[in-house]
$ cat protein.pdb   # PDB, C-alpha atoms
ATOM      1  CA  MET A 810      89.419  98.519 102.615  1.00  0.00           C
ATOM      2  CA  ASN A 811      86.729  97.972 105.272  1.00  0.00           C
ATOM      3  CA  GLY A 812      87.436  94.226 105.361  1.00  0.00           C
ATOM      4  CA  ALA A 813      91.111  94.765 106.169  1.00  0.00           C
ATOM      5  CA  LEU A 814      90.237  97.423 108.728  1.00  0.00           C
ATOM      6  CA  ALA A 815      87.664  95.153 110.390  1.00  0.00           C
ATOM      7  CA  GLN A 816      90.288  92.402 110.565  1.00  0.00           C
ATOM      8  CA  ARG A 817      92.759  94.778 112.248  1.00  0.00           C
ATOM      9  CA  TYR A 818      90.197  95.738 114.896  1.00  0.00           C
ATOM     10  CA  ALA A 819      89.250  92.083 115.352  1.00  0.00           C
ATOM     11  CA  ALA A 820      92.885  90.963 115.652  1.00  0.00           C
ATOM     12  CA  ALA A 821      93.582  93.627 118.270  1.00  0.00           C
ATOM     13  CA  LEU A 822      90.601  92.504 120.351  1.00  0.00           C
ATOM     14  CA  ALA A 823      91.630  88.849 119.937  1.00  0.00           C
ATOM     15  CA  ASP A 824      95.135  89.749 121.179  1.00  0.00           C
ATOM     16  CA  VAL A 825      93.646  91.293 124.315  1.00  0.00           C
ATOM     17  CA  ALA A 826      91.191  88.417 124.869  1.00  0.00           C
ATOM     18  CA  LEU A 827      93.938  85.800 124.641  1.00  0.00           C
ATOM     19  CA  GLU A 828      96.351  87.844 126.734  1.00  0.00           C
ATOM     20  CA  LYS A 829      93.704  88.078 129.485  1.00  0.00           C
ATOM     21  CA  LYS A 830      92.897  84.366 129.027  1.00  0.00           C
ATOM     22  CA  ASN A 831      89.240  85.288 128.651  1.00  0.00           C
ATOM     23  CA  ALA A 832      88.509  84.518 125.011  1.00  0.00           C
ATOM     24  CA  GLU A 833      85.054  83.055 125.673  1.00  0.00           C
ATOM     25  CA  GLY A 834      84.028  85.923 127.947  1.00  0.00           C
ATOM     26  CA  VAL A 835      85.154  88.563 125.453  1.00  0.00           C
ATOM     27  CA  ARG A 836      83.357  86.757 122.629  1.00  0.00           C
ATOM     28  CA  ARG A 837      80.147  86.516 124.666  1.00  0.00           C
ATOM     29  CA  ASP A 838      80.331  90.182 125.693  1.00  0.00           C
ATOM     30  CA  LEU A 839      81.088  91.376 122.144  1.00  0.00           C
ATOM     31  CA  ASP A 840      78.095  89.365 120.914  1.00  0.00           C
ATOM     32  CA  GLY A 841      75.999  91.008 123.641  1.00  0.00           C
ATOM     33  CA  PHE A 842      77.144  94.493 122.638  1.00  0.00           C
ATOM     34  CA  ALA A 843      76.417  93.834 118.957  1.00  0.00           C
ATOM     35  CA  GLU A 844      72.989  92.422 119.759  1.00  0.00           C
ATOM     36  CA  VAL A 845      71.989  95.412 121.914  1.00  0.00           C
ATOM     37  CA  PHE A 846      73.476  97.912 119.460  1.00  0.00           C
ATOM     38  CA  HIS A 847      71.584  96.496 116.473  1.00  0.00           C
ATOM     39  CA  ALA A 848      68.345  95.941 118.420  1.00  0.00           C
ATOM     40  CA  SER A 849      68.054  99.426 119.908  1.00  0.00           C
ATOM     41  CA  HIS A 850      67.385 102.189 117.405  1.00  0.00           C
ATOM     42  CA  ASP A 851      67.789 104.819 120.156  1.00  0.00           C
ATOM     43  CA  LEU A 852      71.154 103.455 121.301  1.00  0.00           C
ATOM     44  CA  LYS A 853      72.419 103.237 117.725  1.00  0.00           C
ATOM     45  CA  ASN A 854      71.346 106.816 117.007  1.00  0.00           C
ATOM     46  CA  ALA A 855      72.930 108.134 120.201  1.00  0.00           C
ATOM     47  CA  LEU A 856      76.256 106.384 119.616  1.00  0.00           C
ATOM     48  CA  GLU A 857      76.461 107.368 115.944  1.00  0.00           C
ATOM     49  CA  SER A 858      75.202 110.949 116.236  1.00  0.00           C
ATOM     50  CA  PRO A 859      77.822 113.704 115.925  1.00  0.00           C
ATOM     51  CA  ALA A 860      75.484 115.880 118.035  1.00  0.00           C
ATOM     52  CA  VAL A 861      76.110 113.668 121.098  1.00  0.00           C
ATOM     53  CA  SER A 862      79.403 114.388 122.850  1.00  0.00           C
ATOM     54  CA  GLU A 863      82.099 111.739 123.222  1.00  0.00           C
ATOM     55  CA  GLU A 864      81.757 112.040 127.004  1.00  0.00           C
ATOM     56  CA  VAL A 865      78.031 111.243 126.909  1.00  0.00           C
ATOM     57  CA  LYS A 866      78.630 108.303 124.550  1.00  0.00           C
ATOM     58  CA  GLU A 867      81.290 106.874 126.864  1.00  0.00           C
ATOM     59  CA  ASN A 868      78.997 107.324 129.884  1.00  0.00           C
ATOM     60  CA  VAL A 869      76.223 105.476 128.055  1.00  0.00           C
ATOM     61  CA  LEU A 870      78.607 102.657 127.142  1.00  0.00           C
ATOM     62  CA  GLY A 871      79.954 102.564 130.709  1.00  0.00           C
ATOM     63  CA  LYS A 872      76.457 102.178 132.164  1.00  0.00           C
ATOM     64  CA  LEU A 873      75.559  99.566 129.558  1.00  0.00           C
ATOM     65  CA  ALA A 874      78.777  97.669 130.282  1.00  0.00           C
ATOM     66  CA  ALA A 875      78.092  97.719 134.029  1.00  0.00           C
ATOM     67  CA  ARG A 876      74.495  96.542 133.579  1.00  0.00           C
ATOM     68  CA  MET A 877      75.509  93.758 131.187  1.00  0.00           C
ATOM     69  CA  LYS A 878      78.675  92.913 133.184  1.00  0.00           C
ATOM     70  CA  TRP A 879      81.001  93.226 130.189  1.00  0.00           C
ATOM     71  CA  ASP A 880      84.681  92.506 130.406  1.00  0.00           C
ATOM     72  CA  ASP A 881      86.635  95.797 130.550  1.00  0.00           C
ATOM     73  CA  SER A 882      88.270  95.040 127.220  1.00  0.00           C
ATOM     74  CA  VAL A 883      84.857  94.900 125.502  1.00  0.00           C
ATOM     75  CA  ARG A 884      83.788  98.177 127.125  1.00  0.00           C
ATOM     76  CA  ASN A 885      87.036  99.804 125.983  1.00  0.00           C
ATOM     77  CA  PHE A 886      86.664  98.287 122.530  1.00  0.00           C
ATOM     78  CA  ALA A 887      83.075  99.571 122.223  1.00  0.00           C
ATOM     79  CA  CYS A 888      84.264 103.048 123.210  1.00  0.00           C
ATOM     80  CA  LEU A 889      87.072 102.842 120.647  1.00  0.00           C
ATOM     81  CA  ILE A 890      84.866 101.924 117.699  1.00  0.00           C
ATOM     82  CA  VAL A 891      82.281 104.552 118.684  1.00  0.00           C
ATOM     83  CA  ARG A 892      84.991 107.213 119.044  1.00  0.00           C
ATOM     84  CA  HIS A 893      86.481 106.318 115.646  1.00  0.00           C
ATOM     85  CA  ARG A 894      83.017 106.103 114.037  1.00  0.00           C
ATOM     86  CA  ARG A 895      83.385 102.450 113.075  1.00  0.00           C
ATOM     87  CA  THR A 896      80.022 101.200 114.363  1.00  0.00           C
ATOM     88  CA  GLU A 897      78.829 100.517 110.809  1.00  0.00           C
ATOM     89  CA  MET A 898      81.551  97.837 110.732  1.00  0.00           C
ATOM     90  CA  LEU A 899      80.472  96.169 113.979  1.00  0.00           C
ATOM     91  CA  LYS A 900      79.015  93.035 112.355  1.00  0.00           C
ATOM     92  CA  GLU A 901      82.056  92.666 110.109  1.00  0.00           C
ATOM     93  CA  ILE A 902      84.409  93.156 113.086  1.00  0.00           C
ATOM     94  CA  GLN A 903      82.407  90.648 115.133  1.00  0.00           C
ATOM     95  CA  ASP A 904      82.621  88.022 112.366  1.00  0.00           C
ATOM     96  CA  ALA A 905      86.341  88.653 111.821  1.00  0.00           C
ATOM     97  CA  PHE A 906      86.956  88.443 115.582  1.00  0.00           C
ATOM     98  CA  LEU A 907      85.258  85.057 115.841  1.00  0.00           C
ATOM     99  CA  GLU A 908      87.148  83.744 112.819  1.00  0.00           C
ATOM    100  CA  ASP A 909      90.503  85.065 114.115  1.00  0.00           C
ATOM    101  CA  LEU A 910      89.911  83.750 117.619  1.00  0.00           C
ATOM    102  CA  ASN A 911      88.830  80.320 116.397  1.00  0.00           C
ATOM    103  CA  GLU A 912      91.875  80.109 114.120  1.00  0.00           C
ATOM    104  CA  ARG A 913      94.225  80.938 117.005  1.00  0.00           C
ATOM    105  CA  LEU A 914      92.511  78.430 119.310  1.00  0.00           C
ATOM    106  CA  GLY A 915      92.440  75.659 116.690  1.00  0.00           C
ATOM    107  CA  ILE A 916      88.653  75.660 116.472  1.00  0.00           C
ATOM    108  CA  ALA A 917      86.827  75.063 113.198  1.00  0.00           C
ATOM    109  CA  ASP A 918      83.321  76.343 112.589  1.00  0.00           C
ATOM    110  CA  ALA A 919      80.988  73.806 111.017  1.00  0.00           C
ATOM    111  CA  HIS A 920      77.547  74.288 109.535  1.00  0.00           C
ATOM    112  CA  VAL A 921      75.519  71.072 109.551  1.00  0.00           C
ATOM    113  CA  ARG A 922      72.346  70.730 107.487  1.00  0.00           C
ATOM    114  CA  THR A 923      70.063  67.760 108.122  1.00  0.00           C
ATOM    115  CA  ALA A 924      66.575  66.753 107.003  1.00  0.00           C
ATOM    116  CA  ARG A 925      65.451  66.135 110.582  1.00  0.00           C
ATOM    117  CA  GLU A 926      66.382  67.420 114.014  1.00  0.00           C
ATOM    118  CA  LEU A 927      69.307  65.479 115.502  1.00  0.00           C
ATOM    119  CA  ASN A 928      69.167  64.467 119.150  1.00  0.00           C
ATOM    120  CA  ALA A 929      71.983  65.414 121.550  1.00  0.00           C
ATOM    121  CA  GLN A 930      73.739  62.037 121.201  1.00  0.00           C
ATOM    122  CA  GLU A 931      73.707  62.211 117.387  1.00  0.00           C
ATOM    123  CA  LYS A 932      75.099  65.751 117.493  1.00  0.00           C
ATOM    124  CA  ARG A 933      77.922  64.681 119.847  1.00  0.00           C
ATOM    125  CA  GLU A 934      78.795  61.714 117.632  1.00  0.00           C
ATOM    126  CA  LEU A 935      78.807  63.837 114.484  1.00  0.00           C
ATOM    127  CA  ILE A 936      80.984  66.496 116.108  1.00  0.00           C
ATOM    128  CA  ALA A 937      83.400  63.819 117.400  1.00  0.00           C
ATOM    129  CA  ALA A 938      83.664  62.315 113.885  1.00  0.00           C
ATOM    130  CA  LEU A 939      84.327  65.762 112.390  1.00  0.00           C
ATOM    131  CA  GLU A 940      86.988  66.470 115.027  1.00  0.00           C
ATOM    132  CA  ARG A 941      88.739  63.187 114.183  1.00  0.00           C
ATOM    133  CA  ARG A 942      88.481  63.928 110.466  1.00  0.00           C
ATOM    134  CA  THR A 943      89.734  67.536 110.654  1.00  0.00           C
ATOM    135  CA  GLY A 944      92.097  67.264 113.624  1.00  0.00           C
ATOM    136  CA  ARG A 945      90.512  70.416 115.104  1.00  0.00           C
ATOM    137  CA  LYS A 946      87.949  71.194 117.763  1.00  0.00           C
ATOM    138  CA  ILE A 947      84.579  71.757 116.092  1.00  0.00           C
ATOM    139  CA  GLU A 948      81.938  74.352 116.938  1.00  0.00           C
ATOM    140  CA  ALA A 949      78.847  73.275 115.028  1.00  0.00           C
ATOM    141  CA  ARG A 950      75.684  75.115 114.036  1.00  0.00           C
ATOM    142  CA  PHE A 951      72.813  72.863 113.063  1.00  0.00           C
ATOM    143  CA  SER A 952      69.951  73.694 110.727  1.00  0.00           C
ATOM    144  CA  LEU A 953      67.104  71.825 109.101  1.00  0.00           C
ATOM    145  CA  ASP A 954      67.050  71.464 105.319  1.00  0.00           C
ATOM    146  CA  PRO A 955      64.347  69.199 103.850  1.00  0.00           C
ATOM    147  CA  SER A 956      66.178  69.107 100.488  1.00  0.00           C
ATOM    148  CA  VAL A 957      68.866  66.941 102.124  1.00  0.00           C
ATOM    149  CA  LEU A 958      66.268  64.082 102.301  1.00  0.00           C
ATOM    150  CA  GLY A 959      68.372  62.163 104.842  1.00  0.00           C
ATOM    151  CA  GLY A 960      71.912  62.105 106.190  1.00  0.00           C
ATOM    152  CA  ALA A 961      73.815  65.378 106.532  1.00  0.00           C
ATOM    153  CA  VAL A 962      75.697  68.021 104.589  1.00  0.00           C
ATOM    154  CA  VAL A 963      78.520  69.596 106.590  1.00  0.00           C
ATOM    155  CA  ARG A 964      80.612  72.626 105.664  1.00  0.00           C
ATOM    156  CA  VAL A 965      83.851  73.147 107.593  1.00  0.00           C
ATOM    157  CA  GLY A 966      85.617  76.184 106.176  1.00  0.00           C
ATOM    158  CA  SER A 967      85.705  75.657 102.417  1.00  0.00           C
ATOM    159  CA  THR A 968      85.381  71.862 102.673  1.00  0.00           C
ATOM    160  CA  ILE A 969      81.986  70.225 102.204  1.00  0.00           C
ATOM    161  CA  PHE A 970      81.262  66.718 103.477  1.00  0.00           C
ATOM    162  CA  ASP A 971      78.112  65.574 101.694  1.00  0.00           C
ATOM    163  CA  GLY A 972      76.651  62.430 103.232  1.00  0.00           C
ATOM    164  CA  SER A 973      73.106  63.205 102.188  1.00  0.00           C
ATOM    165  CA  VAL A 974      70.722  60.705 100.645  1.00  0.00           C
ATOM    166  CA  ARG A 975      70.239  63.211  97.827  1.00  0.00           C
ATOM    167  CA  GLU A 976      73.965  63.118  96.982  1.00  0.00           C
ATOM    168  CA  GLN A 977      74.019  59.315  97.184  1.00  0.00           C
ATOM    169  CA  LEU A 978      71.077  59.148  94.764  1.00  0.00           C
ATOM    170  CA  THR A 979      72.834  61.569  92.414  1.00  0.00           C
ATOM    171  CA  ARG A 980      75.983  59.423  92.438  1.00  0.00           C
ATOM    172  CA  LEU A 981      73.936  56.292  91.804  1.00  0.00           C
ATOM    173  CA  ARG A 982      72.104  57.961  88.887  1.00  0.00           C
ATOM    174  CA  ASP A 983      75.418  59.154  87.396  1.00  0.00           C
ATOM    175  CA  ARG A 984      76.909  55.675  87.713  1.00  0.00           C
ATOM    176  CA  LEU A 985      73.863  54.058  86.086  1.00  0.00           C
ATOM    177  CA  GLU A 986      73.861  56.592  83.239  1.00  0.00           C
ATOM    178  CA  SER A 987      77.543  55.974  82.531  1.00  0.00           C
ATOM    179  CA  GLU A 988      77.095  52.198  82.262  1.00  0.00           C
TER     180      GLU A 988
END

$ encode --input "protein.pdb" --output "C-alpha cells"
Amino acid sequence: MNGALAQRYAAALADVALEKKNAEGVRRDLDGFAEVFHASHDLKNALESPAVSEEVKENVLGKLAARMKWDDSVRNFACLIVRHRRTEMLKEIQDAFLEDLNERLGIADAHVRTARELNAQEKRELIAALERRTGRKIEARFSLDPSVLGGAVVRVGSTIFDGSVREQLTRLRDRLESE
C-alpha cells in the first residue's frame, strides 16, 4: 500500500517538475528537504508532532524553504506531506520520484563497482559506452569493491554487465573444467 501511495506522490511531483521545466531544480530541492528532515531530530519532531499546529508547521517549512531557496513546488509538496502525515514515507517518495523522473526523461541509473578509483576520463568513457549500449542517457554512481579484482561490474536497472577480472577467471575455470 505505501509503495503505491509513494509512487502517486512522486508522480504528482514529477508532473509539476516537468510542467515547470525545472526537473533538476525540483530534484535537488527535494533531496535538500529530505537531507535536512532526516538530519534534524528537532525539525522531524516538530513536523510530525500532532501537538504542533498546521500553521506553525507551514511557517517552519516556509522559513526553511526561503533559507534553502527551494522551488515553490517543493515547498508546497513538503507542506502537503506534512499535512497528510506522510513524512515517514519521505525516503520512499524521494526514491520513487527520482525513478519516475529518470524514466520520463530517458535517463538510466547505473551503479558501477570497480577495484580501483577511476579517473575522470575513464568515467566519461565508461558512461559513453553504456549510453551507446543502452540507448539512454546514463547517470552513474561509482563505488570501490576490491572483490572485483579488476575491470568493472555495472548494474543498469535489472541488467548487469560484468566485465570484472573475477568473472573472466570464473568463465575460464568453468571452460577448463568442462574440457

$ closest_atom_pairs --input "protein.pdb" --of "segment 820-895 of chain A" --to "segment 902-914 of chain A" --cutoff "8 Å" --atoms "all atoms listed in the file" --output "tab-separated table"
residue	atom	partner	partner_atom	distance
A:Ala820	CA	A:Phe906	CA	6.4
A:Leu822	CA	A:Phe906	CA	7.2
A:Ala823	CA	A:Leu910	CA	5.9
A:Ala832	CA	A:Leu910	CA	7.6
A:Arg836	CA	A:Leu907	CA	7.3
A:Leu839	CA	A:Gln903	CA	7.2
A:Asp840	CA	A:Gln903	CA	7.3
A:Ala843	CA	A:Gln903	CA	7.8

$ axis_aligned_box --input "protein.pdb" --around "segment 938-953 of chain A" --padding-each-side "5 Å" --output "JSON"
{"center_x": 79.6, "center_y": 68.7, "center_z": 113.4, "size_x": 35.0, "size_y": 22.8, "size_z": 18.7}

$ resolve_selection --input "protein.pdb" --expression "the PyMOL selection byres ((chain A and resi 932) around 12)" --output "PyMOL selection string"
chain A and resi 919-923+925-931+933-939+947-952+961

$ write_last_selection --input "protein.pdb" --atoms "C-alpha atoms" --output "mmCIF file, in the coordinates of the input"
data_model
loop_
_atom_site.group_PDB
_atom_site.id
_atom_site.type_symbol
_atom_site.label_atom_id
_atom_site.label_comp_id
_atom_site.auth_asym_id
_atom_site.auth_seq_id
_atom_site.Cartn_x
_atom_site.Cartn_y
_atom_site.Cartn_z
ATOM 1 C CA ALA A 919 80.988 73.806 111.017
ATOM 2 C CA HIS A 920 77.547 74.288 109.535
ATOM 3 C CA VAL A 921 75.519 71.072 109.551
ATOM 4 C CA ARG A 922 72.346 70.730 107.487
ATOM 5 C CA THR A 923 70.063 67.760 108.122
ATOM 6 C CA ARG A 925 65.451 66.135 110.582
ATOM 7 C CA GLU A 926 66.382 67.420 114.014
ATOM 8 C CA LEU A 927 69.307 65.479 115.502
ATOM 9 C CA ASN A 928 69.167 64.467 119.150
ATOM 10 C CA ALA A 929 71.983 65.414 121.550
ATOM 11 C CA GLN A 930 73.739 62.037 121.201
ATOM 12 C CA GLU A 931 73.707 62.211 117.387
ATOM 13 C CA ARG A 933 77.922 64.681 119.847
ATOM 14 C CA GLU A 934 78.795 61.714 117.632
ATOM 15 C CA LEU A 935 78.807 63.837 114.484
ATOM 16 C CA ILE A 936 80.984 66.496 116.108
ATOM 17 C CA ALA A 937 83.400 63.819 117.400
ATOM 18 C CA ALA A 938 83.664 62.315 113.885
ATOM 19 C CA LEU A 939 84.327 65.762 112.390
ATOM 20 C CA ILE A 947 84.579 71.757 116.092
ATOM 21 C CA GLU A 948 81.938 74.352 116.938
ATOM 22 C CA ALA A 949 78.847 73.275 115.028
ATOM 23 C CA ARG A 950 75.684 75.115 114.036
ATOM 24 C CA PHE A 951 72.813 72.863 113.063
ATOM 25 C CA SER A 952 69.951 73.694 110.727
ATOM 26 C CA ALA A 961 73.815 65.378 106.532
#

$ resolve_selection --input "protein.pdb" --expression "the PyMOL selection byres ((chain A and resi 945) around 7)" --output "ChimeraX atom specification"
/A:915-917,940,943-944,946-947

$ residues_around --input "protein.pdb" --residues "Val835 of chain A" --least-positions-apart "3" --cutoff "7 Å" --atoms "all atoms listed in the file" --output "VMD selection string"
chain A and resid 826 831 to 832 838 to 839 880 883

$ atom_distance --input "protein.pdb" --atom1 "atom CA of Val957 of chain A" --atom2 "atom CA of Phe970 of chain A"
12.5 Å

$ resolve_selection --input "protein.pdb" --expression "the PyMOL selection byres ((chain A and resi 847) around 12)" --output "list in words"
Asp840, Gly841, Phe842, Ala843, Glu844, Val845, Phe846, Ala848, Ser849, His850, Asp851, Leu852, Lys853, Asn854, Leu856, Glu857, Thr896, Glu897, Met898, Leu899 and Lys900 of chain A

$ decode --input "protein.pdb" --residues "segment 819-856 of chain A" --atoms "N, CA and C atoms" --output "CSV table (one decimal), in the first residue's frame"
chain,number,residue,atom,x,y,z
A,819,ALA,N,5.0,10.8,-5.8
A,819,ALA,CA,6.2,11.0,-6.6
A,819,ALA,C,5.8,11.4,-8.0
A,820,ALA,N,4.8,10.7,-8.6
A,820,ALA,CA,4.3,11.0,-9.9
A,820,ALA,C,3.7,12.4,-10.0
A,821,ALA,N,3.0,12.8,-9.0
A,821,ALA,CA,2.4,14.2,-8.9
A,821,ALA,C,3.5,15.2,-8.9
A,822,LEU,N,4.5,15.0,-8.1
A,822,LEU,CA,5.6,16.0,-8.1
A,822,LEU,C,6.4,16.0,-9.4
A,823,ALA,N,6.6,14.8,-10.0
A,823,ALA,CA,7.3,14.8,-11.3
A,823,ALA,C,6.5,15.5,-12.4
A,824,ASP,N,5.1,15.4,-12.3
A,824,ASP,CA,4.3,16.1,-13.2
A,824,ASP,C,4.5,17.6,-13.1
A,825,VAL,N,4.6,18.1,-11.9
A,825,VAL,CA,4.8,19.6,-11.7
A,825,VAL,C,6.2,20.0,-12.1
A,826,ALA,N,7.2,19.2,-11.8
A,826,ALA,CA,8.6,19.5,-12.1
A,826,ALA,C,8.7,19.6,-13.6
A,827,LEU,N,8.2,18.7,-14.4
A,827,LEU,CA,8.3,18.7,-15.8
A,827,LEU,C,7.4,19.8,-16.4
A,828,GLU,N,6.3,20.0,-15.9
A,828,GLU,CA,5.4,21.1,-16.4
A,828,GLU,C,6.2,22.5,-16.2
A,829,LYS,N,6.9,22.7,-15.1
A,829,LYS,CA,7.6,23.9,-14.8
A,829,LYS,C,9.0,23.9,-15.5
A,830,LYS,N,9.3,22.8,-16.2
A,830,LYS,CA,10.6,22.6,-16.9
A,830,LYS,C,11.8,22.9,-15.9
A,831,ASN,N,11.6,22.3,-14.7
A,831,ASN,CA,12.6,22.5,-13.7
A,831,ASN,C,12.9,21.2,-12.9
A,832,ALA,N,13.0,20.1,-13.7
A,832,ALA,CA,13.2,18.8,-13.1
A,832,ALA,C,14.4,18.7,-12.2
A,833,GLU,N,15.5,19.2,-12.7
A,833,GLU,CA,16.8,19.2,-11.9
A,833,GLU,C,16.7,20.0,-10.6
A,834,GLY,N,16.1,21.2,-10.7
A,834,GLY,CA,15.9,22.0,-9.5
A,834,GLY,C,15.0,21.4,-8.5
A,835,VAL,N,13.9,20.8,-8.9
A,835,VAL,CA,13.0,20.2,-8.0
A,835,VAL,C,13.7,19.0,-7.4
A,836,ARG,N,14.4,18.2,-8.1
A,836,ARG,CA,15.1,17.0,-7.6
A,836,ARG,C,16.1,17.5,-6.5
A,837,ARG,N,16.9,18.5,-6.9
A,837,ARG,CA,17.9,19.0,-5.9
A,837,ARG,C,17.2,19.5,-4.6
A,838,ASP,N,16.1,20.2,-4.8
A,838,ASP,CA,15.5,20.8,-3.6
A,838,ASP,C,14.8,19.7,-2.8
A,839,LEU,N,14.2,18.7,-3.4
A,839,LEU,CA,13.6,17.6,-2.7
A,839,LEU,C,14.7,16.8,-1.9
A,840,ASP,N,15.8,16.6,-2.6
A,840,ASP,CA,17.0,16.0,-1.9
A,840,ASP,C,17.4,16.8,-0.7
A,841,GLY,N,17.4,18.1,-0.8
A,841,GLY,CA,17.8,19.0,0.3
A,841,GLY,C,16.8,18.9,1.4
A,842,PHE,N,15.5,18.9,1.1
A,842,PHE,CA,14.5,18.8,2.1
A,842,PHE,C,14.7,17.5,2.9
A,843,ALA,N,14.8,16.4,2.2
A,843,ALA,CA,14.9,15.1,2.8
A,843,ALA,C,16.2,15.0,3.7
A,844,GLU,N,17.3,15.6,3.2
A,844,GLU,CA,18.5,15.6,4.0
A,844,GLU,C,18.3,16.3,5.3
A,845,VAL,N,17.8,17.5,5.2
A,845,VAL,CA,17.5,18.3,6.4
A,845,VAL,C,16.5,17.7,7.4
A,846,PHE,N,15.5,17.1,6.8
A,846,PHE,CA,14.4,16.5,7.6
A,846,PHE,C,15.0,15.3,8.4
A,847,HIS,N,15.8,14.5,7.7
A,847,HIS,CA,16.4,13.3,8.4
A,847,HIS,C,17.5,13.6,9.3
A,848,ALA,N,18.2,14.7,9.1
A,848,ALA,CA,19.4,15.1,9.9
A,848,ALA,C,19.0,15.8,11.2
A,849,SER,N,17.9,16.5,11.2
A,849,SER,CA,17.5,17.3,12.3
A,849,SER,C,16.4,16.6,13.1
A,850,HIS,N,16.7,16.1,14.3
A,850,HIS,CA,15.8,15.5,15.2
A,850,HIS,C,14.7,16.5,15.6
A,851,ASP,N,15.1,17.7,15.9
A,851,ASP,CA,14.1,18.7,16.3
A,851,ASP,C,13.1,19.1,15.2
A,852,LEU,N,13.6,19.2,14.0
A,852,LEU,CA,12.7,19.5,12.8
A,852,LEU,C,11.7,18.4,12.6
A,853,LYS,N,12.3,17.1,12.6
A,853,LYS,CA,11.4,16.0,12.4
A,853,LYS,C,10.3,15.9,13.5
A,854,ASN,N,10.7,16.1,14.7
A,854,ASN,CA,9.7,16.1,15.8
A,854,ASN,C,8.7,17.1,15.7
A,855,ALA,N,9.1,18.3,15.3
A,855,ALA,CA,8.1,19.4,15.1
A,855,ALA,C,7.2,19.2,14.0
A,856,LEU,N,7.7,18.7,12.9
A,856,LEU,CA,6.8,18.5,11.7
A,856,LEU,C,5.9,17.2,11.9
